[in-house]
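Worksheet: one structure, shown below.
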Amino acid sequence: MKRHHLKNLFIEHSLKNVLDFFREAVFSEEIARSRGLLQLLSPKVKIIILVACLIMTVFARSVGFLLALYLVTILLALSSGINIIFFLKRVWFFIPIFTLFIAIPAVFMEGWHSAVLFVMRVTTCVSFAIVFTITTSHDRLIKSLRSVGLPPVFVDVLDMTQRYLFLFMKVFEEMHLSLKSRLVKDLGPKRSRRWIASRIAFLFRRSLKMSEDVYMAMLARGYAAKEKEC
Amino acid sequence: MLTDIVYEIKGLSYSYLGRFPALNKIGLEIKKGEAVVLLGANGSGKSTLLMVMAGLIFPTEGATKFLEKDLREESFADAAFQRFFRSRVGIVFQNSDAQLFNSNVTDELLFGLVQLGLPQEEVDRRMNKYISLMDIGHLRARHPQYLSIGEKKKVAIASVLVMEPDVLLLDEPTAGLDPRTCRHLIDSINSFNREGRTVIASTQDIHIVSEISKRVVVLGEDKGLVRTGPTEEIMEDTAFLEQHNLVHVHAHKHKDVTHVHPHEHPSHDHSHQ
């Protein structure tokens with residue numbers, strides 16, 4: 001019984017930590033408002049530099065050069081007042097998502113060198129993307145993306161994704177608290193997993209309904225497929 | 001406008017997925033400048049009727065005309081018709097989160113204005129007017145996720161009012177709002193109606209019906225139109241309202257006397273029998 005309780009506490013804390021981390025990592029604008037090197041640059045300039053850095057990273061063929069580029073991202077983070085632990089955690093949170101399914105087969109098929117090169121490339125690209133976006137407020141970033149000629153629909157979708165991700169995270173958190181408020185004994189690992197799966201399905205259905213409603217709200221205010229810039 | 005009739009609805013039925021009826025043979029006319037409330041219990045089809053009137057969903061049976069023009073899905077393929085309709089009809093959704101899809105309040109208000117392609121001077125005039133009307137100046141740079149429910153509702157209404165539509169559709173405009181915000185919204189809706197614009201609102205909030213409408217349309221639990229008439233006449237017919245699940249009887253106590261009212265929260269100076 002005690003083991004079950006500890007397991008549930010672990011699930012609960014993990015959920016809370018993931019939500020808190022995501023909230024801080026994606027939605028916090030504290031760093032963008034603070035003083036630092038990258039905060040001094042205009043968002044438009046930052047986007048151009050970021051694209052150049054990404055191209056350079058993608059075409060790099062030596063691990064040494066990639067390591068040097070990765071060090072540059074760390075220096076940029078330090079000179080922009082970003083807490084280095086937070087920065088590393090944030091970068092490495094995304095790395096498994098992007099690399100796990102590709103890097104492991106690569107080890108067997110093409111050898112360690114290719115796999116390391118691949119992981120380094122992804123890590124450096126993610127680090128560049130994060131260091132440049134985290135030092136820019138969401139609003140200014142969206143406006144700059146529009147001004148550098150990206151298709152408005154693409155920018156709108158990006159903007160809305162951030163907006164509704166936050167909303168659904170809040171819904172998920174509330175569902176979890178509501179469950180917690182009515183629990184008189186531990187759910188047990190099996191029922192906990194079932195509950196999480198059912199909530200994922202629920203959020204998926206809800207996000208579909210929300211996307212229909214948002215589209216209707218857009219239509220009602222005159223949105224046509226060939227959108228004009230805001 | 002050539003006609004005084006804004007909406008002409010005949011034999012309108014709608015069902016979701018072709019299986020779940022939401023509206024049942026509705027017949028209704030709404031005239032220019034009217035202030036109408038759609039009243040009905042949960043699931044009576046008020047929101048669906050508003051969606052049809054907003055040209056966002058289309059009836060399975062029957063016809064809807066807006067200023068003598070048929071509201072059909074195909075009509076919206078014509079860009080001129082789309083502009084004609086969308087610039088004249090605005091809808092405020094019940095769920096403000098669906099309506100606030102921009103990254104800050106200013107962009108939210110600008111969205112409709114940009115679609116209309118108005119000159120900058122006119123954009124500025126309208127922005128100032130409706131930001132001041134809804135008292136949301138302090139929220140201009142705020143992201144929707146950091147707004148309270150009341151603030152979201154104010155911004156959602158402003159984002160529609162700023163397009164200055166001839167017809168304003170509101171789905172449960174006061175649901176979940178505190179008394180002060182509710183009062184503010186009622187005043188804004190009324191001032192919009194006084195400018196000669198048509199207001200059609202769905203609500204279950206009996207308290208606001210007399211304040212925002214001259215006519216009431218009651219939808220029944222069978223999703224059909226049960227009755228339409230002057231607000232005063234319908235609101236005084238408590239037996240009818242009770243029958244259609246629009247008021248409830250409740251008991252309360254004054255000093256030592258406990259008594260029941262066939263209505264919600266009457267004023268405290270009522271007499272005891």
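Residues are named by chain letter and number: chains run A, B, ... in the order of the structure tokens, numbers start at 1 in each chain, and ligands are numbered from 1 in the order shown.
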Can you write out as JSON lines which residues of chain B fall within 8 Å of chain A, alongside each residue's closest atom pair and its distance in Å to one decimal, counting only C-alpha atoms and ordering rows by chain and ascending residue number?
```
{"residue": "B:Ala54", "atom": "CA", "partner": "A:Ala220", "partner_atom": "CA", "distance": 7.0}
{"residue": "B:Gly55", "atom": "CA", "partner": "A:Ala220", "partner_atom": "CA", "distance": 7.9}
{"residue": "B:Leu56", "atom": "CA", "partner": "A:Met216", "partner_atom": "CA", "distance": 6.3}
{"residue": "B:Gln82", "atom": "CA", "partner": "A:Gly222", "partner_atom": "CA", "distance": 7.5}
{"residue": "B:Arg83", "atom": "CA", "partner": "A:Gly222", "partner_atom": "CA", "distance": 6.8}
{"residue": "B:Arg86", "atom": "CA", "partner": "A:Gly222", "partner_atom": "CA", "distance": 5.3}
{"residue": "B:Ser87", "atom": "CA", "partner": "A:Gly222", "partner_atom": "CA", "distance": 7.1}
{"residue": "B:Val89", "atom": "CA", "partner": "A:Ala220", "partner_atom": "CA", "distance": 7.8}
{"residue": "B:Gly90", "atom": "CA", "partner": "A:Ala220", "partner_atom": "CA", "distance": 6.5}
{"residue": "B:Ile91", "atom": "CA", "partner": "A:Ala220", "partner_atom": "CA", "distance": 6.7}
{"residue": "B:Phe93", "atom": "CA", "partner": "A:Ala217", "partner_atom": "CA", "distance": 7.5}
{"residue": "B:Ala98", "atom": "CA", "partner": "A:Val214", "partner_atom": "CA", "distance": 4.7}
{"residue": "B:Gln99", "atom": "CA", "partner": "A:Ala217", "partner_atom": "CA", "distance": 5.5}
{"residue": "B:Phe101", "atom": "CA", "partner": "A:Met160", "partner_atom": "CA", "distance": 6.0}
{"residue": "B:Asn102", "atom": "CA", "partner": "A:Met160", "partner_atom": "CA", "distance": 6.9}
{"residue": "B:Ser103", "atom": "CA", "partner": "A:Asp139", "partner_atom": "CA", "distance": 6.5}
{"residue": "B:Asn104", "atom": "CA", "partner": "A:Asp139", "partner_atom": "CA", "distance": 7.6}
{"residue": "B:Asp107", "atom": "CA", "partner": "A:Cys230", "partner_atom": "CA", "distance": 6.7}
{"residue": "B:Leu110", "atom": "CA", "partner": "A:Cys230", "partner_atom": "CA", "distance": 6.8}
{"residue": "B:Phe111", "atom": "CA", "partner": "A:Cys230", "partner_atom": "CA", "distance": 6.0}
{"residue": "B:Gly112", "atom": "CA", "partner": "A:Arg221", "partner_atom": "CA", "distance": 5.2}
{"residue": "B:Val114", "atom": "CA", "partner": "A:Cys230", "partner_atom": "CA", "distance": 6.3}
{"residue": "B:Gln115", "atom": "CA", "partner": "A:Gly222", "partner_atom": "CA", "distance": 5.8}
{"residue": "B:Leu116", "atom": "CA", "partner": "A:Gly222", "partner_atom": "CA", "distance": 7.3}
{"residue": "B:Gln145", "atom": "CA", "partner": "A:Arg163", "partner_atom": "CA", "distance": 7.1}
{"residue": "B:Val160", "atom": "CA", "partner": "A:Arg221", "partner_atom": "CA", "distance": 7.3}
```
>> Can you pull out the residues contacting Ala60 of chain A? Cut-off 12 Å, using only C-alpha atoms, and skip same-chain residues under 3 positions away; I want them as JSON, numbers by chain.
In response: {"A": [53, 54, 55, 56, 57, 63, 64, 65, 66, 67, 68, 69, 70, 117, 118, 120, 121, 122, 124, 125]}
>> With DSSP run on the backbone, what are the alpha helix (DSSP H) residues within segment 21-269 of chain B? I'd like them as a PyMOL selection string.
In response: chain B and resi 46-53+79-86+96-99+105-116+120-133+149-161+179-194+206-212+231-236+238-243
> Suppose you want the space between atom CA of Asn95 of chain B and atom CA of Gly40 of chain B; what is it in Å?
Replying inline: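 The value is 18.2 Å.
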> So what do you get for atom CA of Ser62 of chain A versus atom CA of Phe87 of chain A, distance-wise?
Replying inline: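 Straight-line distance from atom CA of Ser62 of chain A to atom CA of Phe87 of chain A works out to 24.2 Å.
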>> From a backbone DSSP assignment, name each residue in segment 142-271 of chain B labelled strand (DSSP E or B), as a PyMOL selection string.
In response: chain B and resi 167-171+198-203+215-219+225-230+250-254+257-261
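Nearest-residue note for Phe20 of chain B: choosing from B:Thr60, B:Glu172, B:Glu233, B:Leu49, the minimum distance belongs to B:Thr60, counting only C-alpha atoms.
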> Which polymer residues have any atom within 6 Å of an atom of segment 22-29 of chain B, counting only C-alpha atoms, with same-chain residues fewer than 6 positions away left out, as a VMD selection string?
Replying inline: chain B and resid 7 to 15 45 223 to 225
How would the residues just picked look written out with C-alpha atoms as a PDB file, in the first residue's frame?
```pdb
ATOM      1  CA  TYR B   7     -33.839  37.774 -40.548  1.00  0.00           C
ATOM      2  CA  GLU B   8     -36.590  35.700 -42.066  1.00  0.00           C
ATOM      3  CA  ILE B   9     -36.451  32.102 -40.873  1.00  0.00           C
ATOM      4  CA  LYS B  10     -38.882  29.484 -42.150  1.00  0.00           C
ATOM      5  CA  GLY B  11     -39.229  25.822 -41.107  1.00  0.00           C
ATOM      6  CA  LEU B  12     -35.646  25.738 -39.880  1.00  0.00           C
ATOM      7  CA  SER B  13     -34.376  22.405 -38.587  1.00  0.00           C
ATOM      8  CA  TYR B  14     -30.829  21.440 -37.767  1.00  0.00           C
ATOM      9  CA  SER B  15     -29.291  18.238 -36.544  1.00  0.00           C
ATOM     10  CA  GLY B  45     -30.982  25.029 -29.315  1.00  0.00           C
ATOM     11  CA  LYS B 223     -36.012  22.403 -29.654  1.00  0.00           C
ATOM     12  CA  GLY B 224     -38.930  24.166 -31.305  1.00  0.00           C
ATOM     13  CA  LEU B 225     -40.191  27.730 -30.939  1.00  0.00           C
TER      14      LEU B 225
END
```
